[in-house]
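Accompanying notes for the structure given below.
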Amino acid sequence: MGTTLHRLLVGVLGASLLLGSMGTASAQETKDYEGHWARATIQNWLDRGLLKGFEDGSVKPNQTITRAEFMTLVNRSYHFTETGEGTFSDVPATSWAYNEILKAIAAGYIQGYNSEMRPNAPINRQEAAVIISKLLKLEAGDIKELKVFSDADQIASWSKSSVAAAVKAGVLKGYPNGLFAPVQALTRAEALTLIDSAVTSTSAATVAATPAPTSSPIASPTPTATATATATAGGGGGGGGGVTIPATPTSQVTPTPVPTATPSPTPVTEVPAEELPALDISITSRYDTTVANAVYLEIDYRRVIGTAVGLNDRIGYYVTDEPISSRDIRWELNNLPYAFTSTGYSLQKQTLTGVSIPLSKTGGAGDKYVSVLVKNSDNEVTGFYTQKVNLHSSTAVQDSSFAKLESGVTINQEKYTTQGLGSPHEYYSDIIDVTDAMTQFGGTAVAYTITPKYFMDANLNLDLNDIINASRTLYKDNKVRVIDATAAFNGVNVTTPGYIPFAYETLSNYKTYNEGEYTLVFFDADMKVLGYYTGKVTLSDDLAVEAAVKRIDDIPFSVALKDEDVVNRAARAYAALSGSLPQQINGGQLTKLMSALTALDNLKKSGPLQNIDLVQSDIIEGYNQFNGKTISVYASGLPDELKGSLGSFSYYITADPVRVEDLATVSSYGKFDFAKINSVVLPVKDKTGQNYVTVVYYDKAGQAVRYTTKQIDFTIKLPVWDGTAAQILDGVELVRDYGNGGRVDYVSVKDYRRTHPAALYYTATPKSALTAAGQGFSPQLAVQYLNDYRSTDSIYNYEQIQFTDDRALDGQTEDYIIIFYDANFKALNYYTGSLND
């Protein structure tokens, strides 16, 4: 309750400080508009009492203005006092803007969006054009005249005639680079200038007794001789030229949203740490009509590019539920899900950067904190910005009524050769044609997504629900070319031949080019799922034979278990040949394939178990350990098809080769989720001597399907503690650092080594590990812990002794016992120390 009230008060105070009252303005301690292109206009508003500065005297002319604030300024300028009727779900009667909105309704210049008014959303140029056209009672403009703007297709249909009218009347202009920028948010200075222009131009409004300012009627922040922004370093003022709004590629859709596609961030800037330089940028969210299940952000860098942000800087974007703190900065934000990264190079050309963020990285739509972190080439944080933004999403909507299409989509492979730099390059691409499928939905289907079964040589094996809810590019063209990187691009124009738009989802999937399989999901204009289609690529006879030959050529002369994928691909390519096509595979190639299949089958059956097959995966044993051994498995060699079907795995450790009877009971070490296979480390303290370690893989139904086995020596190395080890107080240095997404603790024993040459090894045991093992914190117990031992004569000055990516441990004190040993592993000395922040 208290938090909600606090936020409400903050919003009211922010608006009142900007808009002020008709009373006395605050003392001007800081005139941040001196030298600003709109200085005269701002001063005029202040003098008339229509605008009030913040507590420090600033007016923040370059900060965006919300829809409610814009309406309030219009109402004051026109002396609108009559209130109308209206109910909006996002404007409670207790809101400071409630009466101002009712005045705007009564004046007839705004209506809202269905049941919403979106008072806290920044007002953009096309929305302002509609309001000004109504205030000036302008006749609808000729939308054909908008073709002078290169982004005319981005102007919403509901605003085009108003934009055309406002441009013709001279109250709005475009930019020197040919853009109109319809969804660009107005700054406070631009809003004041625009409203003044309207007041000056209208003959119907009742203006204030104070003479209207003589500023030229312009709302574009373009550095010209008129009352527009004069460029300062980094684009200053209202923003310089070179403004770029990312255009929607023709290969991407869009369900054209009605005016509900308005950005609605709540600009609440918070700096996580005082020592961080805050950037003068702004962030706007609007509905993303090019990607399913994503949000779209537009970040305005015009006021900082070239100054606070340089060419070599790396920029990271983060979306969080709570404001990012100095603690997060200390962790370098790497443990937070970053949405996007870019560099200063891209910003030099595109100062208004558009970013599409998958919903999976935002945690959903709604109010979130979007943060921008800038690092220089030395990895130093040089700038930071965070803003509370109401994220709008293009979310897929599904119910049980959508259909599975059995036809209507064709997927054909095409091969072409392009002369690039040097020798010719061959390209294979899949052409997806949905012309017939689109007609099956009676004209309601406006877009579709493409999800490949294979990506980067891996089997995705996604179920339909995952596919529907994934963030995917939306396409509206009936034909899409899916590029497959079967050769290096080397600067070749991969868009030739033809101009079919590209689906980039399968880029680099070079090993499955002849086995393409795709799932397409079709949507209507409201992002409702209408149906889906799943189908494989169809190859011409020539390409089918070529694929089989290529696959057979890929098989090495000496086949090992690790080549299972290669052999299986060749076998599938050959099996796909029909009619007389198999006869085009010459005898030598066919013999090579048959021999490889036989060799692979023999290798699978060469292990101690005959009921399941061996598979390639590496069992890794820990070395240089006291009191036991650790075991882990590296499963990179597993066949792609197998990876997608596995659900769990278990370890069995037996004195003799594993038997079927051994697998009849559940492993004493338990089962592990296959998804965590790269992070599971198994400590083993109950074995000694030679033993067989067997990793058994289970499918998602729990059935054992494959295994790998290896003999390992578990002979235990026991350190000697005879009670003579003396405690030392110096010669050891403990250091803590934050990086790589976590907290890292280091130790240096160089100084100790110089005065104790007999000490060849050491262990570093954290108190948290001993506590987890149910043991106390003492050198006697640390000697008995399963621990890595290290050389005191390392080439590195500092050795990592602990890494944690658990943010709950940030700021936690960790105690360490460092024990030194001689050549016979006898404990000589020990050191205790602590690390904290």
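We name chains A, B, ... following the order of the structure tokens; residues begin at 1 in each chain, and ligands are numbered from 1 as shown.
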
So which residues touch Leu279 in chain A within 6 Å, counting only C-alpha atoms, skipping near sequence neighbours fewer than 3 positions away, as a PyMOL selection string? chain A and resi 383-385

Please save all heavy atoms of the selected residues as a compact mmCIF listing (two decimals), in the first residue's frame.
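Once written, selection_26.txt looks like this:
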# COMPACT_ATOMS: atom_id res chain seq x y z
N GLY A 383 28.84 4.86 -19.08
CA GLY A 383 27.54 5.51 -19.12
C GLY A 383 26.43 4.53 -18.77
O GLY A 383 26.55 3.32 -18.98
N PHE A 384 25.36 5.06 -18.21
CA PHE A 384 24.26 4.21 -17.78
C PHE A 384 22.95 4.99 -17.89
O PHE A 384 22.91 6.20 -17.67
CB PHE A 384 24.47 3.79 -16.32
CG PHE A 384 23.43 2.81 -15.84
CD1 PHE A 384 23.62 1.46 -16.00
CD2 PHE A 384 22.27 3.25 -15.22
CE1 PHE A 384 22.67 0.56 -15.56
CE2 PHE A 384 21.31 2.36 -14.78
CZ PHE A 384 21.52 1.00 -14.95
N TYR A 385 21.89 4.27 -18.24
CA TYR A 385 20.56 4.89 -18.28
C TYR A 385 19.54 3.80 -17.98
O TYR A 385 19.65 2.67 -18.48
CB TYR A 385 20.28 5.50 -19.65
CG TYR A 385 18.90 6.14 -19.75
CD1 TYR A 385 18.68 7.43 -19.29
CD2 TYR A 385 17.82 5.45 -20.29
CE1 TYR A 385 17.42 8.03 -19.37
CE2 TYR A 385 16.57 6.03 -20.37
CZ TYR A 385 16.38 7.32 -19.92
OH TYR A 385 15.14 7.91 -19.99

Fewer than 3 positions away in the same chain doesn't count, so skip those; otherwise give me all residues within 10 Å of Leu347 in chain A, counting only C-alpha atoms, as number ranges by chain. A: 244, 300-302, 305-306, 309-311, 315, 342-344, 350-353

Writer output for current selection, N, CA, C and O atoms, as a CSV table (one decimal), in the first residue's frame:
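Produced file selection.csv, reproduced below:
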chain,number,residue,atom,x,y,z
A,244,THR,N,17.2,8.4,-37.8
A,244,THR,CA,16.7,7.2,-38.6
A,244,THR,C,15.8,6.4,-37.9
A,244,THR,O,16.0,6.0,-36.8
A,300,ASP,N,16.6,6.5,-28.2
A,300,ASP,CA,17.0,7.8,-28.8
A,300,ASP,C,18.4,8.2,-28.2
A,300,ASP,O,18.5,8.6,-27.1
A,301,TYR,N,19.4,8.1,-29.1
A,301,TYR,CA,20.8,8.4,-28.7
A,301,TYR,C,21.2,9.8,-29.2
A,301,TYR,O,22.4,10.1,-29.1
A,302,ARG,N,20.3,10.6,-29.8
A,302,ARG,CA,20.8,11.8,-30.5
A,302,ARG,C,21.6,12.7,-29.6
A,302,ARG,O,22.4,13.5,-30.1
A,305,ILE,N,25.3,10.6,-28.7
A,305,ILE,CA,26.2,9.9,-29.6
A,305,ILE,C,27.4,10.9,-30.0
A,305,ILE,O,27.2,12.0,-30.3
A,306,GLY,N,28.6,10.4,-30.0
A,306,GLY,CA,29.7,11.2,-30.3
A,306,GLY,C,30.3,11.8,-29.1
A,306,GLY,O,31.4,12.3,-29.1
A,309,VAL,N,28.9,8.4,-25.9
A,309,VAL,CA,29.0,7.1,-26.6
A,309,VAL,C,29.9,7.2,-27.8
A,309,VAL,O,29.6,8.1,-28.7
A,310,GLY,N,31.0,6.5,-27.8
A,310,GLY,CA,31.9,6.5,-28.9
A,310,GLY,C,31.8,5.3,-29.8
A,310,GLY,O,31.1,4.4,-29.6
A,311,LEU,N,32.7,5.4,-30.8
A,311,LEU,CA,32.6,4.4,-31.9
A,311,LEU,C,32.9,3.0,-31.4
A,311,LEU,O,32.3,2.0,-31.8
A,315,ILE,N,27.4,-1.5,-26.2
A,315,ILE,CA,26.2,-1.1,-25.5
A,315,ILE,C,25.3,-2.4,-25.2
A,315,ILE,O,25.0,-3.1,-26.2
A,342,SER,N,24.9,-3.9,-29.0
A,342,SER,CA,25.3,-3.2,-30.2
A,342,SER,C,26.5,-2.4,-29.9
A,342,SER,O,27.1,-2.5,-28.8
A,343,THR,N,27.0,-1.7,-30.9
A,343,THR,CA,28.2,-0.9,-30.7
A,343,THR,C,28.0,0.5,-31.1
A,343,THR,O,27.0,0.8,-31.8
A,344,GLY,N,28.9,1.3,-30.8
A,344,GLY,CA,28.8,2.7,-31.1
A,344,GLY,C,28.9,2.9,-32.6
A,344,GLY,O,28.4,3.9,-33.2
A,350,GLN,N,22.6,5.2,-37.0
A,350,GLN,CA,21.2,5.1,-36.7
A,350,GLN,C,21.0,5.5,-35.2
A,350,GLN,O,21.1,4.7,-34.3
A,351,THR,N,20.8,6.8,-35.0
A,351,THR,CA,20.8,7.3,-33.7
A,351,THR,C,19.5,7.0,-33.0
A,351,THR,O,19.4,7.0,-31.7
A,352,LEU,N,18.4,6.6,-33.7
A,352,LEU,CA,17.2,6.1,-33.1
A,352,LEU,C,17.2,4.6,-33.4
A,352,LEU,O,17.0,4.1,-34.5
A,353,THR,N,17.6,3.9,-32.4
A,353,THR,CA,17.9,2.4,-32.6
A,353,THR,C,16.6,1.6,-32.2
A,353,THR,O,16.1,1.8,-31.1

Residue contacts of range 680-695 of chain A (8 Å, only C-alpha atoms) excluding same-chain residues fewer than 5 positions away, as a ChimeraX atom specification: /A:619,627-633,649-658,672,707-716,786

Excluding same-chain residues fewer than 3 positions from Ser794 in chain A, what lies within 10 Å of it counting only C-alpha atoms, as a ChimeraX atom specification? /A:748-750,760-761,790-791,797-799

Residue subset to file, keeping N, CA and C atoms, as a tab-separated table (two decimals), in the first residue's frame:
chain	number	residue	atom	x	y	z
A	748	SER	N	46.57	-15.75	-3.95
A	748	SER	CA	47.96	-15.69	-4.39
A	748	SER	C	48.83	-16.23	-3.26
A	749	VAL	N	49.71	-17.20	-3.57
A	749	VAL	CA	50.60	-17.79	-2.56
A	749	VAL	C	52.06	-17.55	-2.92
A	750	LYS	N	52.32	-16.64	-3.82
A	750	LYS	CA	53.69	-16.40	-4.30
A	750	LYS	C	54.62	-15.98	-3.15
A	760	LEU	N	55.08	-27.60	-1.89
A	760	LEU	CA	54.87	-27.74	-3.34
A	760	LEU	C	53.40	-27.65	-3.74
A	761	TYR	N	52.51	-27.93	-2.79
A	761	TYR	CA	51.09	-27.96	-3.11
A	761	TYR	C	50.29	-27.21	-2.06
A	790	ARG	N	46.72	-27.84	-5.71
A	790	ARG	CA	47.34	-27.03	-6.77
A	790	ARG	C	48.82	-26.88	-6.49
A	791	SER	N	49.53	-26.51	-7.52
A	791	SER	CA	50.97	-26.27	-7.37
A	791	SER	C	51.21	-24.86	-6.85
A	797	ASN	N	49.95	-15.47	-11.05
A	797	ASN	CA	50.07	-14.84	-9.73
A	797	ASN	C	48.84	-15.11	-8.87
A	798	TYR	N	47.67	-15.20	-9.50
A	798	TYR	CA	46.43	-15.42	-8.77
A	798	TYR	C	45.72	-16.63	-9.38
A	799	GLU	N	45.24	-17.52	-8.52
A	799	GLU	CA	44.48	-18.69	-8.95
A	799	GLU	C	43.05	-18.57	-8.46

Quick one: residues within 10 Å of range 100-107 of chain A, only C-alpha atoms counted, chain neighbours fewer than 2 positions away excluded, as a VMD selection string? chain A and resid 67 to 76 78 to 88 91 95 to 98 109 to 112 117 119 131 134 to 135

Selection from above, N, CA and C atoms, as a CSV table (one decimal), in the first residue's frame, can you write it?
chain,number,residue,atom,x,y,z
A,67,ARG,N,1.2,12.1,-22.9
A,67,ARG,CA,0.0,12.5,-23.5
A,67,ARG,C,-0.8,13.4,-22.6
A,68,ALA,N,-0.9,13.0,-21.3
A,68,ALA,CA,-1.6,13.8,-20.3
A,68,ALA,C,-1.0,15.2,-20.2
A,69,GLU,N,0.3,15.3,-20.1
A,69,GLU,CA,1.0,16.6,-20.0
A,69,GLU,C,0.7,17.5,-21.2
A,70,PHE,N,0.7,16.9,-22.4
A,70,PHE,CA,0.5,17.6,-23.6
A,70,PHE,C,-1.0,18.2,-23.6
A,71,MET,N,-1.9,17.3,-23.2
A,71,MET,CA,-3.3,17.8,-23.1
A,71,MET,C,-3.4,19.0,-22.1
A,72,THR,N,-2.7,18.9,-21.0
A,72,THR,CA,-2.8,20.0,-20.0
A,72,THR,C,-2.3,21.3,-20.6
A,73,LEU,N,-1.2,21.2,-21.3
A,73,LEU,CA,-0.6,22.4,-21.9
A,73,LEU,C,-1.6,23.0,-23.0
A,74,VAL,N,-2.2,22.1,-23.7
A,74,VAL,CA,-3.2,22.6,-24.7
A,74,VAL,C,-4.4,23.3,-24.0
A,75,ASN,N,-4.9,22.6,-23.0
A,75,ASN,CA,-6.0,23.2,-22.2
A,75,ASN,C,-5.7,24.6,-21.7
A,76,ARG,N,-4.5,24.7,-21.1
A,76,ARG,CA,-4.1,26.0,-20.6
A,76,ARG,C,-4.0,27.1,-21.6
A,78,TYR,N,-5.4,27.2,-24.6
A,78,TYR,CA,-6.7,27.6,-25.2
A,78,TYR,C,-7.8,27.9,-24.1
A,79,HIS,N,-7.4,27.9,-22.9
A,79,HIS,CA,-8.3,28.2,-21.8
A,79,HIS,C,-9.6,27.3,-21.8
A,80,PHE,N,-9.3,26.0,-22.1
A,80,PHE,CA,-10.4,25.0,-22.1
A,80,PHE,C,-10.7,24.7,-20.6
A,81,THR,N,-11.9,24.9,-20.2
A,81,THR,CA,-12.3,24.7,-18.8
A,81,THR,C,-13.5,23.7,-18.6
A,82,GLU,N,-14.3,23.6,-19.7
A,82,GLU,CA,-15.5,22.8,-19.7
A,82,GLU,C,-15.0,21.3,-19.7
A,83,THR,N,-15.6,20.5,-18.8
A,83,THR,CA,-15.3,19.1,-18.8
A,83,THR,C,-16.4,18.2,-19.4
A,84,GLY,N,-16.0,17.2,-20.1
A,84,GLY,CA,-16.9,16.3,-20.8
A,84,GLY,C,-17.1,15.0,-19.9
A,85,GLU,N,-17.6,14.0,-20.6
A,85,GLU,CA,-17.8,12.7,-19.9
A,85,GLU,C,-16.9,11.6,-20.6
A,86,GLY,N,-16.4,10.8,-19.8
A,86,GLY,CA,-15.6,9.7,-20.3
A,86,GLY,C,-15.1,8.8,-19.2
A,87,THR,N,-15.0,7.5,-19.5
A,87,THR,CA,-14.4,6.5,-18.5
A,87,THR,C,-13.3,5.8,-19.2
A,88,PHE,N,-12.2,5.8,-18.6
A,88,PHE,CA,-11.0,5.1,-19.1
A,88,PHE,C,-10.4,4.2,-18.1
A,91,VAL,N,-7.3,5.6,-16.3
A,91,VAL,CA,-7.3,6.9,-15.7
A,91,VAL,C,-8.4,6.9,-14.5
A,95,SER,N,-6.7,10.4,-10.3
A,95,SER,CA,-5.5,10.8,-11.1
A,95,SER,C,-5.5,12.3,-11.3
A,96,TRP,N,-4.3,12.9,-11.2
A,96,TRP,CA,-4.1,14.3,-11.4
A,96,TRP,C,-4.6,14.7,-12.8
A,97,ALA,N,-4.5,13.8,-13.7
A,97,ALA,CA,-4.8,14.1,-15.1
A,97,ALA,C,-6.3,13.9,-15.5
A,98,TYR,N,-7.1,13.4,-14.5
A,98,TYR,CA,-8.5,13.1,-14.8
A,98,TYR,C,-9.3,14.3,-15.4
A,109,TYR,N,-10.8,17.4,-29.2
A,109,TYR,CA,-9.5,17.2,-29.9
A,109,TYR,C,-8.9,15.8,-29.6
A,110,ILE,N,-9.5,15.0,-28.8
A,110,ILE,CA,-8.9,13.7,-28.5
A,110,ILE,C,-10.1,12.8,-28.0
A,111,GLN,N,-9.9,11.5,-28.3
A,111,GLN,CA,-10.9,10.5,-28.0
A,111,GLN,C,-10.4,9.4,-27.2
A,112,GLY,N,-9.1,9.0,-27.3
A,112,GLY,CA,-8.6,7.9,-26.6
A,112,GLY,C,-8.6,6.6,-27.5
A,117,MET,N,-6.8,5.7,-22.3
A,117,MET,CA,-6.3,7.0,-22.7
A,117,MET,C,-4.8,7.1,-22.8
A,119,PRO,N,-2.4,7.9,-20.5
A,119,PRO,CA,-1.9,9.3,-20.1
A,119,PRO,C,-0.4,9.4,-19.9
A,131,ILE,N,-4.2,15.9,-33.1
A,131,ILE,CA,-4.7,16.9,-32.2
A,131,ILE,C,-4.7,18.3,-32.8
A,134,LYS,N,-7.3,18.9,-35.4
A,134,LYS,CA,-8.6,19.2,-34.8
A,134,LYS,C,-8.7,20.5,-34.2
A,135,LEU,N,-7.6,21.0,-33.5
A,135,LEU,CA,-7.7,22.3,-32.9
A,135,LEU,C,-7.8,23.4,-34.0

Running DSSP on the backbone, which parts of range 527-763 of chain A land in strand (DSSP E), as a PyMOL selection string? chain A and resi 529-536+613-614+618-621+625-626+629-634+646-654+671-673+682-684+690-699+704-713+726-727+733-739+742-748+761-763

Choose the residue, out of A:Gly742, A:Gly731, A:Pro358, A:Pro92, that has the smallest atom-to-atom separation from Arg472 in chain A; count only C-alpha atoms.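 The answer is A:Pro358, which sits nearest to Arg472 in chain A.
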